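input28.txt follows; it contains compact mmCIF, N, CA and C atoms and all ligand atoms.
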# COMPACT_ATOMS: atom_id res chain seq x y z
N MET U 14 0.84 -1.20 0.00
CA MET U 14 0.00 0.00 0.00
C MET U 14 0.88 1.25 0.00
N SER U 15 0.51 2.22 -0.79
CA SER U 15 1.38 3.39 -0.87
C SER U 15 1.08 4.37 0.27
N ASN U 16 2.09 5.09 0.67
CA ASN U 16 1.96 6.05 1.76
C ASN U 16 2.65 7.36 1.35
N ILE U 17 2.01 8.05 0.42
CA ILE U 17 2.58 9.30 -0.09
C ILE U 17 2.46 10.38 0.98
N GLU U 18 3.58 10.99 1.32
CA GLU U 18 3.60 12.08 2.31
C GLU U 18 4.27 13.31 1.72
N GLN U 19 4.05 14.42 2.42
CA GLN U 19 4.75 15.66 2.08
C GLN U 19 5.53 16.10 3.31
N THR U 20 6.70 16.67 3.06
CA THR U 20 7.52 17.14 4.18
C THR U 20 8.20 18.44 3.79
N LEU U 21 8.71 19.15 4.80
CA LEU U 21 9.41 20.40 4.52
C LEU U 21 10.91 20.17 4.58
N SER U 22 11.59 20.71 3.59
CA SER U 22 13.05 20.72 3.59
C SER U 22 13.53 22.17 3.46
N ILE U 23 14.58 22.48 4.20
CA ILE U 23 15.21 23.81 4.06
C ILE U 23 16.67 23.60 3.68
N ILE U 24 17.10 24.26 2.62
CA ILE U 24 18.53 24.34 2.32
C ILE U 24 19.02 25.59 3.04
N LYS U 25 19.89 25.38 4.03
CA LYS U 25 20.25 26.44 4.98
C LYS U 25 21.29 27.41 4.39
N PRO U 26 21.50 28.55 5.08
CA PRO U 26 22.38 29.59 4.53
C PRO U 26 23.78 29.09 4.13
N ASP U 27 24.36 28.18 4.88
CA ASP U 27 25.72 27.74 4.52
C ASP U 27 25.77 27.08 3.15
N ALA U 28 24.71 26.34 2.80
CA ALA U 28 24.68 25.63 1.51
C ALA U 28 24.31 26.58 0.37
N VAL U 29 23.38 27.50 0.64
CA VAL U 29 23.00 28.47 -0.39
C VAL U 29 24.21 29.36 -0.70
N GLU U 30 24.90 29.74 0.36
CA GLU U 30 26.09 30.60 0.20
C GLU U 30 27.15 29.93 -0.68
N ARG U 31 27.26 28.61 -0.57
CA ARG U 31 28.24 27.87 -1.40
C ARG U 31 27.63 27.43 -2.74
N ASP U 32 26.43 27.92 -3.03
CA ASP U 32 25.76 27.65 -4.29
C ASP U 32 25.50 26.15 -4.52
N LEU U 33 25.10 25.48 -3.43
CA LEU U 33 24.88 24.03 -3.51
C LEU U 33 23.42 23.67 -3.77
N GLN U 34 22.55 24.66 -3.93
CA GLN U 34 21.12 24.31 -3.98
C GLN U 34 20.74 23.40 -5.13
N ASP U 35 21.33 23.61 -6.32
CA ASP U 35 20.97 22.74 -7.45
C ASP U 35 21.44 21.31 -7.23
N GLN U 36 22.66 21.21 -6.69
CA GLN U 36 23.22 19.87 -6.39
C GLN U 36 22.34 19.14 -5.35
N ILE U 37 21.92 19.86 -4.33
CA ILE U 37 21.11 19.24 -3.28
C ILE U 37 19.71 18.89 -3.83
N LYS U 38 19.16 19.75 -4.66
CA LYS U 38 17.85 19.45 -5.26
C LYS U 38 17.94 18.19 -6.14
N GLN U 39 19.07 18.04 -6.84
CA GLN U 39 19.29 16.84 -7.66
C GLN U 39 19.35 15.59 -6.78
N GLU U 40 19.95 15.72 -5.61
CA GLU U 40 20.01 14.58 -4.68
C GLU U 40 18.60 14.14 -4.27
N PHE U 41 17.73 15.12 -4.03
CA PHE U 41 16.34 14.78 -3.70
C PHE U 41 15.67 14.08 -4.90
N ALA U 42 15.88 14.63 -6.09
CA ALA U 42 15.27 14.04 -7.29
C ALA U 42 15.77 12.60 -7.48
N ASP U 43 17.06 12.39 -7.27
CA ASP U 43 17.65 11.05 -7.44
C ASP U 43 17.04 10.03 -6.48
N LYS U 44 16.57 10.51 -5.33
CA LYS U 44 15.95 9.61 -4.34
C LYS U 44 14.43 9.57 -4.48
N GLY U 45 13.92 10.10 -5.58
CA GLY U 45 12.49 9.96 -5.86
C GLY U 45 11.60 11.02 -5.24
N PHE U 46 12.20 12.08 -4.72
CA PHE U 46 11.38 13.17 -4.18
C PHE U 46 10.94 14.10 -5.31
N GLU U 47 9.69 14.49 -5.23
CA GLU U 47 9.18 15.50 -6.15
C GLU U 47 9.13 16.82 -5.38
N ILE U 48 9.67 17.88 -6.00
CA ILE U 48 9.60 19.20 -5.36
C ILE U 48 8.31 19.86 -5.81
N ILE U 49 7.33 19.88 -4.91
CA ILE U 49 5.99 20.37 -5.24
C ILE U 49 5.95 21.89 -5.24
N LYS U 50 6.68 22.48 -4.28
CA LYS U 50 6.77 23.95 -4.18
C LYS U 50 8.15 24.28 -3.69
N GLU U 51 8.66 25.43 -4.09
CA GLU U 51 9.94 25.88 -3.54
C GLU U 51 10.03 27.39 -3.65
N LYS U 52 10.76 27.98 -2.74
CA LYS U 52 11.04 29.41 -2.84
C LYS U 52 12.32 29.73 -2.10
N LYS U 53 13.02 30.72 -2.66
CA LYS U 53 14.25 31.21 -2.02
C LYS U 53 13.87 32.47 -1.27
N ILE U 54 14.15 32.49 0.03
CA ILE U 54 13.73 33.62 0.86
C ILE U 54 14.82 33.96 1.86
N HIS U 55 14.72 35.14 2.43
CA HIS U 55 15.63 35.54 3.51
C HIS U 55 14.73 35.96 4.67
N ILE U 56 14.65 35.13 5.70
CA ILE U 56 13.71 35.40 6.79
C ILE U 56 14.37 36.27 7.87
N SER U 57 13.51 36.92 8.66
CA SER U 57 14.00 37.76 9.77
C SER U 57 14.29 36.87 10.98
N LYS U 58 15.02 37.41 11.92
CA LYS U 58 15.30 36.66 13.16
C LYS U 58 14.00 36.30 13.86
N GLU U 59 13.03 37.21 13.84
CA GLU U 59 11.73 36.96 14.51
C GLU U 59 11.01 35.78 13.85
N GLU U 60 11.08 35.72 12.52
CA GLU U 60 10.44 34.57 11.83
C GLU U 60 11.16 33.27 12.18
N ALA U 61 12.50 33.33 12.24
CA ALA U 61 13.28 32.13 12.60
C ALA U 61 12.92 31.69 14.02
N GLU U 62 12.71 32.64 14.91
CA GLU U 62 12.34 32.31 16.30
C GLU U 62 10.99 31.60 16.34
N LYS U 63 10.07 32.04 15.48
CA LYS U 63 8.75 31.39 15.42
C LYS U 63 8.91 29.97 14.87
N PHE U 64 9.69 29.86 13.78
CA PHE U 64 9.86 28.56 13.15
C PHE U 64 10.46 27.53 14.11
N TYR U 65 11.48 27.96 14.86
CA TYR U 65 12.21 27.04 15.76
C TYR U 65 11.71 27.10 17.20
N LYS U 66 10.46 27.58 17.40
CA LYS U 66 9.92 27.78 18.75
C LYS U 66 10.06 26.53 19.64
N VAL U 67 9.95 25.37 19.02
CA VAL U 67 10.07 24.10 19.75
C VAL U 67 11.42 23.99 20.48
N HIS U 68 12.43 24.73 19.99
CA HIS U 68 13.78 24.68 20.60
C HIS U 68 14.04 25.85 21.55
N GLU U 69 12.96 26.60 21.86
CA GLU U 69 13.07 27.84 22.64
C GLU U 69 13.90 27.70 23.92
N SER U 70 13.76 26.55 24.58
CA SER U 70 14.44 26.40 25.88
C SER U 70 15.88 25.91 25.75
N LYS U 71 16.31 25.62 24.52
CA LYS U 71 17.65 25.04 24.33
C LYS U 71 18.72 26.13 24.37
N PRO U 72 19.89 25.79 24.86
CA PRO U 72 20.97 26.80 24.94
C PRO U 72 21.39 27.33 23.57
N PHE U 73 21.15 26.56 22.52
CA PHE U 73 21.59 26.97 21.18
C PHE U 73 20.52 27.75 20.41
N TYR U 74 19.38 28.02 21.06
CA TYR U 74 18.23 28.64 20.36
C TYR U 74 18.58 29.99 19.72
N ASN U 75 19.22 30.85 20.47
CA ASN U 75 19.50 32.20 19.95
C ASN U 75 20.43 32.13 18.72
N ASP U 76 21.51 31.37 18.85
CA ASP U 76 22.46 31.23 17.74
C ASP U 76 21.79 30.58 16.53
N LEU U 77 20.94 29.60 16.80
CA LEU U 77 20.25 28.88 15.73
C LEU U 77 19.36 29.84 14.92
N CYS U 78 18.63 30.69 15.63
CA CYS U 78 17.73 31.64 14.96
C CYS U 78 18.52 32.73 14.24
N ALA U 79 19.60 33.17 14.85
CA ALA U 79 20.46 34.17 14.20
C ALA U 79 21.02 33.56 12.91
N TYR U 80 21.41 32.31 13.00
CA TYR U 80 22.00 31.64 11.83
C TYR U 80 20.99 31.46 10.69
N LEU U 81 19.79 30.95 11.00
CA LEU U 81 18.82 30.69 9.92
C LEU U 81 18.40 31.98 9.22
N SER U 82 18.52 33.10 9.94
CA SER U 82 18.14 34.39 9.34
C SER U 82 19.35 35.16 8.81
N SER U 83 20.51 34.51 8.78
CA SER U 83 21.74 35.21 8.40
C SER U 83 21.92 35.37 6.89
N GLY U 84 21.14 34.64 6.10
CA GLY U 84 21.29 34.72 4.64
C GLY U 84 20.14 33.98 3.98
N PRO U 85 20.11 34.00 2.64
CA PRO U 85 19.01 33.32 1.93
C PRO U 85 18.98 31.81 2.20
N ILE U 86 17.76 31.29 2.20
CA ILE U 86 17.53 29.85 2.33
C ILE U 86 16.59 29.42 1.20
N VAL U 87 16.57 28.13 0.91
CA VAL U 87 15.60 27.60 -0.05
C VAL U 87 14.68 26.66 0.72
N VAL U 88 13.37 26.98 0.72
CA VAL U 88 12.41 26.10 1.39
C VAL U 88 11.64 25.32 0.33
N MET U 89 11.44 24.04 0.60
CA MET U 89 10.81 23.17 -0.39
C MET U 89 9.76 22.27 0.25
N LYS U 90 8.68 22.09 -0.51
CA LYS U 90 7.68 21.09 -0.14
C LYS U 90 8.02 19.85 -0.94
N LEU U 91 8.43 18.79 -0.26
CA LEU U 91 8.85 17.56 -0.94
C LEU U 91 7.76 16.50 -0.81
N GLN U 92 7.63 15.70 -1.83
CA GLN U 92 6.65 14.61 -1.79
C GLN U 92 7.26 13.31 -2.30
N ARG U 93 6.97 12.24 -1.62
CA ARG U 93 7.28 10.88 -2.10
C ARG U 93 6.67 9.90 -1.09
N GLU U 94 6.84 8.64 -1.34
CA GLU U 94 6.41 7.60 -0.41
C GLU U 94 7.23 7.78 0.88
N ASN U 95 6.57 7.77 2.03
CA ASN U 95 7.24 7.90 3.33
C ASN U 95 8.24 9.05 3.36
N ALA U 96 7.80 10.20 2.87
CA ALA U 96 8.70 11.34 2.67
C ALA U 96 9.42 11.78 3.96
N VAL U 97 8.73 11.74 5.09
CA VAL U 97 9.34 12.28 6.32
C VAL U 97 10.57 11.45 6.70
N ILE U 98 10.40 10.15 6.80
CA ILE U 98 11.51 9.29 7.23
C ILE U 98 12.59 9.20 6.15
N GLU U 99 12.15 9.15 4.88
CA GLU U 99 13.13 9.05 3.78
C GLU U 99 13.97 10.32 3.69
N ASN U 100 13.37 11.47 3.97
CA ASN U 100 14.14 12.72 3.97
C ASN U 100 15.14 12.71 5.12
N ARG U 101 14.71 12.21 6.26
CA ARG U 101 15.62 12.18 7.41
C ARG U 101 16.79 11.23 7.17
N LYS U 102 16.50 10.13 6.47
CA LYS U 102 17.59 9.18 6.13
C LYS U 102 18.57 9.85 5.18
N LEU U 103 18.04 10.55 4.19
CA LEU U 103 18.90 11.20 3.21
C LEU U 103 19.73 12.33 3.84
N MET U 104 19.15 13.04 4.81
CA MET U 104 19.89 14.12 5.48
C MET U 104 21.02 13.58 6.35
N GLY U 105 20.77 12.51 7.08
CA GLY U 105 21.76 11.98 8.02
C GLY U 105 21.69 12.67 9.37
N ALA U 106 22.59 12.31 10.27
CA ALA U 106 22.56 12.81 11.65
C ALA U 106 22.71 14.32 11.69
N THR U 107 22.13 14.93 12.74
CA THR U 107 22.15 16.40 12.90
C THR U 107 23.57 16.94 12.83
N ASN U 108 24.47 16.27 13.52
CA ASN U 108 25.88 16.69 13.49
C ASN U 108 26.60 16.00 12.33
N PRO U 109 27.07 16.77 11.35
CA PRO U 109 27.74 16.15 10.19
C PRO U 109 28.86 15.18 10.59
N ALA U 110 29.47 15.43 11.74
CA ALA U 110 30.55 14.55 12.20
C ALA U 110 30.04 13.14 12.50
N ASP U 111 28.75 13.03 12.82
CA ASP U 111 28.16 11.71 13.14
C ASP U 111 27.38 11.12 11.96
N ALA U 112 27.26 11.88 10.88
CA ALA U 112 26.40 11.45 9.76
C ALA U 112 27.08 10.37 8.93
N GLU U 113 26.25 9.46 8.42
CA GLU U 113 26.78 8.35 7.61
C GLU U 113 27.22 8.83 6.23
N GLU U 114 28.16 8.09 5.66
CA GLU U 114 28.63 8.34 4.29
C GLU U 114 27.44 8.40 3.34
N GLY U 115 27.50 9.32 2.42
CA GLY U 115 26.45 9.39 1.39
C GLY U 115 25.30 10.30 1.78
N THR U 116 25.19 10.65 3.07
CA THR U 116 24.09 11.53 3.47
C THR U 116 24.43 12.99 3.15
N LEU U 117 23.39 13.82 3.08
CA LEU U 117 23.60 15.23 2.71
C LEU U 117 24.46 15.96 3.73
N ARG U 118 24.20 15.68 5.01
CA ARG U 118 24.97 16.41 6.03
C ARG U 118 26.42 15.96 6.06
N LYS U 119 26.65 14.69 5.76
CA LYS U 119 28.05 14.21 5.68
C LYS U 119 28.77 14.88 4.50
N LYS U 120 28.04 14.94 3.36
CA LYS U 120 28.67 15.47 2.14
C LYS U 120 28.88 16.98 2.20
N TYR U 121 27.86 17.68 2.73
CA TYR U 121 27.87 19.14 2.60
C TYR U 121 27.97 19.90 3.92
N GLY U 122 27.62 19.26 5.04
CA GLY U 122 27.58 19.96 6.32
C GLY U 122 28.97 20.35 6.80
N ILE U 123 29.00 21.46 7.53
CA ILE U 123 30.27 21.99 8.02
C ILE U 123 30.38 21.79 9.53
N SER U 124 29.26 21.96 10.23
CA SER U 124 29.23 21.86 11.69
C SER U 124 27.80 21.56 12.11
N ILE U 125 27.58 21.38 13.41
CA ILE U 125 26.21 21.09 13.87
C ILE U 125 25.26 22.25 13.56
N ASP U 126 25.77 23.47 13.54
CA ASP U 126 24.93 24.63 13.18
C ASP U 126 24.81 24.74 11.66
N LYS U 127 25.95 24.71 11.01
CA LYS U 127 25.97 24.82 9.54
C LYS U 127 25.87 23.42 8.94
N ASN U 128 24.71 22.80 9.18
CA ASN U 128 24.54 21.41 8.74
C ASN U 128 23.73 21.30 7.43
N SER U 129 23.67 22.41 6.71
CA SER U 129 23.22 22.47 5.30
C SER U 129 21.73 22.25 5.03
N VAL U 130 21.09 21.36 5.78
CA VAL U 130 19.67 21.09 5.51
C VAL U 130 18.89 20.90 6.80
N HIS U 131 17.62 21.26 6.73
CA HIS U 131 16.66 20.95 7.80
C HIS U 131 15.56 20.10 7.18
N GLY U 132 15.02 19.17 7.94
CA GLY U 132 13.86 18.41 7.48
C GLY U 132 12.92 18.16 8.64
N SER U 133 11.63 18.17 8.37
CA SER U 133 10.64 17.92 9.43
C SER U 133 10.91 16.56 10.08
N ASP U 134 10.71 16.50 11.41
CA ASP U 134 11.05 15.25 12.11
C ASP U 134 9.86 14.31 12.32
N SER U 135 8.67 14.75 11.93
CA SER U 135 7.49 13.88 12.05
C SER U 135 6.45 14.39 11.05
N LEU U 136 5.45 13.57 10.78
CA LEU U 136 4.39 13.97 9.85
C LEU U 136 3.61 15.16 10.43
N GLU U 137 3.42 15.12 11.74
CA GLU U 137 2.71 16.20 12.43
C GLU U 137 3.47 17.52 12.27
N ASN U 138 4.79 17.49 12.51
CA ASN U 138 5.58 18.71 12.37
C ASN U 138 5.71 19.13 10.91
N ALA U 139 5.71 18.17 10.00
CA ALA U 139 5.76 18.51 8.57
C ALA U 139 4.56 19.38 8.21
N LYS U 140 3.39 19.01 8.72
CA LYS U 140 2.17 19.79 8.43
C LYS U 140 2.31 21.21 8.98
N ILE U 141 2.81 21.31 10.20
CA ILE U 141 2.98 22.63 10.85
C ILE U 141 4.01 23.46 10.08
N GLU U 142 5.12 22.82 9.72
CA GLU U 142 6.20 23.56 9.05
C GLU U 142 5.82 23.95 7.62
N LEU U 143 5.07 23.11 6.92
CA LEU U 143 4.61 23.45 5.56
C LEU U 143 3.62 24.60 5.63
N GLU U 144 2.79 24.57 6.64
CA GLU U 144 1.82 25.66 6.85
C GLU U 144 2.58 26.98 7.10
N PHE U 145 3.66 26.87 7.87
CA PHE U 145 4.44 28.07 8.21
C PHE U 145 4.99 28.74 6.95
N PHE U 146 5.57 27.96 6.05
CA PHE U 146 6.21 28.56 4.88
C PHE U 146 5.31 28.68 3.64
N PHE U 147 4.35 27.77 3.52
CA PHE U 147 3.56 27.75 2.28
C PHE U 147 2.06 27.92 2.51
N ASN U 148 1.67 28.07 3.75
CA ASN U 148 0.25 28.17 4.11
C ASN U 148 -0.57 26.95 3.69
N ASN U 149 0.10 25.82 3.56
CA ASN U 149 -0.64 24.55 3.38
C ASN U 149 0.30 23.37 3.41
P1 LIG B 201 17.73 21.26 12.47
O1 LIG B 201 17.35 19.92 11.96
O2 LIG B 201 17.51 22.42 11.60
O3 LIG B 201 16.96 21.53 13.87
C1 LIG B 201 17.47 22.35 14.88
C2 LIG B 201 18.90 22.73 14.66
O4 LIG B 201 19.61 23.17 15.79
C3 LIG B 201 19.69 21.54 14.17
O5 LIG B 201 19.31 21.23 12.86
C4 LIG B 201 21.13 22.04 14.33
O6 LIG B 201 21.60 22.72 13.18
C5 LIG B 201 21.00 23.06 15.48
N1 LIG B 201 21.75 22.68 16.67
C6 LIG B 201 22.74 23.39 17.21
N2 LIG B 201 23.22 22.78 18.32
C7 LIG B 201 22.49 21.66 18.47
C8 LIG B 201 22.51 20.60 19.43
N3 LIG B 201 23.37 20.57 20.45
N4 LIG B 201 21.63 19.59 19.28
C9 LIG B 201 20.72 19.60 18.24
N5 LIG B 201 20.67 20.57 17.32
C10 LIG B 201 21.55 21.59 17.41

Please express what this file holds, its structure, as structure tokens.
Amino acid sequence: MSNIEQTLSIIKPDAVERDLQDQIKQEFADKGFEIIKEKKIHISKEEAEKFYKVHESKPFYNDLCAYLSSGPIVVMKLQRENAVIENRKLMGATNPADAEEGTLRKKYGISIDKNSVHGSDSLENAKIELEFFFNN
């Protein structure tokens, strides 16, 4: 039985700055993801704080929000079978140092902050995050 899902992916400032967005989009296409919607935007610190509100109590919250708003990002609505988990597999561990060979964070990530991509961690959060950037 098919389980088509949609999830949110963000190509973060470190990757956009290095002009990696086309390469990363190709990686998604190669793994069967369809990019349903995408836009390149530069969000404010206040918007980043709203987006990452779930991390509000974490010691890295301020730096994280400053970072996501530090330059242009590419936000994408991705679709495929089991999109949430498959995107997380393709991204690899949060810290590029711990990420497996072949994953996006291993290939492109620089540090735990500059880890090149964000992806929704559950179907529930995917809905919330897609609503945040695309209003659906
Ligand atoms: P992301 O998947 O975008 O979700 C929250 C981000 O916080 C995470 O990627 C990391 O880039 C960043 N971050 C910074 N420090 C930490 C940490 N100690 N643990 C988890 N995430 C961290």

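When all atoms listed in the file are used to measure the gap to Gly122 in chain U, the shortest distance among U:Ser135, U:Ile141, U:Pro109, U:Thr20 belongs to U:Pro109.
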
Practice item. Using all atoms listed in the file, determine which residues fall within 6 Å of ligand LIG 201 (chain B), then list them as a VMD selection string. Key: chain U and resid 73 77 107 125 to 128 130 to 132

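With atom N of Asn138 in chain U on one side and atom C of Glu114 in chain U on the other, the separation reads 26.1 Å.
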
Check your understanding: Suppose you want the space between CA of Lys140 in chain U and atom N of Lys38 in chain U; what is it in Å?
Key ->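 Interatomic distance here is 21.4 Å.
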
Study note, to complete from the structure: Between U:Ala61, U:Lys90, U:Asp76, U:Arg31, smallest distance to Glu144 in chain U by only C-alpha atoms belongs to U:Lys90

**Study point:** Exercise: Thr116 in chain U partners within 6.5 Å, only N, CA and C atoms, chain neighbours under 2 positions left out, as a PyMOL selection string
**Key:** chain U and resi 102-105+112-114+118-121

Please produce a file of those selected residues containing N, CA and C atoms, as an mmCIF file, in the coordinates of the input.
data_model
loop_
_atom_site.group_PDB
_atom_site.id
_atom_site.type_symbol
_atom_site.label_atom_id
_atom_site.label_comp_id
_atom_site.auth_asym_id
_atom_site.auth_seq_id
_atom_site.Cartn_x
_atom_site.Cartn_y
_atom_site.Cartn_z
ATOM 1 N N LYS U 102 16.500 10.130 6.470
ATOM 2 C CA LYS U 102 17.590 9.180 6.130
ATOM 3 C C LYS U 102 18.570 9.850 5.180
ATOM 4 N N LEU U 103 18.040 10.550 4.190
ATOM 5 C CA LEU U 103 18.900 11.200 3.210
ATOM 6 C C LEU U 103 19.730 12.330 3.840
ATOM 7 N N MET U 104 19.150 13.040 4.810
ATOM 8 C CA MET U 104 19.890 14.120 5.480
ATOM 9 C C MET U 104 21.020 13.580 6.350
ATOM 10 N N GLY U 105 20.770 12.510 7.080
ATOM 11 C CA GLY U 105 21.760 11.980 8.020
ATOM 12 C C GLY U 105 21.690 12.670 9.370
ATOM 13 N N ALA U 112 27.260 11.880 10.880
ATOM 14 C CA ALA U 112 26.400 11.450 9.760
ATOM 15 C C ALA U 112 27.080 10.370 8.930
ATOM 16 N N GLU U 113 26.250 9.460 8.420
ATOM 17 C CA GLU U 113 26.780 8.350 7.610
ATOM 18 C C GLU U 113 27.220 8.830 6.230
ATOM 19 N N GLU U 114 28.160 8.090 5.660
ATOM 20 C CA GLU U 114 28.630 8.340 4.290
ATOM 21 C C GLU U 114 27.440 8.400 3.340
ATOM 22 N N ARG U 118 24.200 15.680 5.010
ATOM 23 C CA ARG U 118 24.970 16.410 6.030
ATOM 24 C C ARG U 118 26.420 15.960 6.060
ATOM 25 N N LYS U 119 26.650 14.690 5.760
ATOM 26 C CA LYS U 119 28.050 14.210 5.680
ATOM 27 C C LYS U 119 28.770 14.880 4.500
ATOM 28 N N LYS U 120 28.040 14.940 3.360
ATOM 29 C CA LYS U 120 28.670 15.470 2.140
ATOM 30 C C LYS U 120 28.880 16.980 2.200
ATOM 31 N N TYR U 121 27.860 17.680 2.730
ATOM 32 C CA TYR U 121 27.870 19.140 2.600
ATOM 33 C C TYR U 121 27.970 19.900 3.920
#

Review point. With only N, CA and C atoms as the basis for distance, which of U:Leu81, U:Ile17, U:Val87, U:Ala42 is at the shortest distance from Glu60 in chain U?
Key: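 Result for the nearest residue to Glu60 in chain U: U:Leu81.
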
Listed atoms of range 66-83 of chain U boxed axis-aligned with 4 Å per side, centre + edges as JSON:
{"center_x": 16.2, "center_y": 29.7, "center_z": 16.4, "size_x": 20.5, "size_y": 19.4, "size_z": 27.0}

Exercise for review: Go through U:Ser133, U:Ser83, U:Gln39, U:Ser57 and flag the residue nearest Ser22 in chain U, using all atoms listed in the file for the distances.
Suggested key: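 Result for the nearest residue to Ser22 in chain U: U:Ser133.
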
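Within range 76-124 of chain U, the backbone-based DSSP assignment of strand (DSSP E) covers U:Ile86, U:Val87, U:Val88, U:Met89, U:Lys90, U:Leu91, U:Gln92, U:Arg93, U:Glu94.
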
Point to revise | Coordinates-based distance that separates CA of Ile54 in chain U from CA of Ser82 in chain U (Å, one decimal) | key: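 Separation between CA of Ser82 in chain U and CA of Ile54 in chain U: 9.6 Å.
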
Review point. Leaving out Ile86 in chain U and any residue of its chain fewer than 3 positions from it, which residues lie within 7 Å of it when counting all atoms listed in the file, given as a list of chain:residue names?
Key: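 Residues near the query, excluding close chain neighbours: U:Ile23, U:Ile24, U:Lys25, U:Pro26, U:Val29, U:Lys52, U:Lys53, U:Ile54, U:His55, U:Ile56.
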
Check your understanding: Quick one: of U:Leu21, U:Phe147, U:Leu136, U:Asp43, who's nearest to Asn95 in chain U, counting only C-alpha atoms?
Key -> U:Leu136

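Closest approach to Glu40 in chain U from the set U:Gly115, U:Glu18, U:Ala96, U:Met89 is made by U:Gly115, with distances taken over only C-alpha atoms.
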
Review point. Which of range 23-93 of chain U counts as helix (DSSP H, G or I) under DSSP, as an MDAnalysis selection string please?
Key: chainID U and resid 26:30 34:43 58:64 66:68 74:81
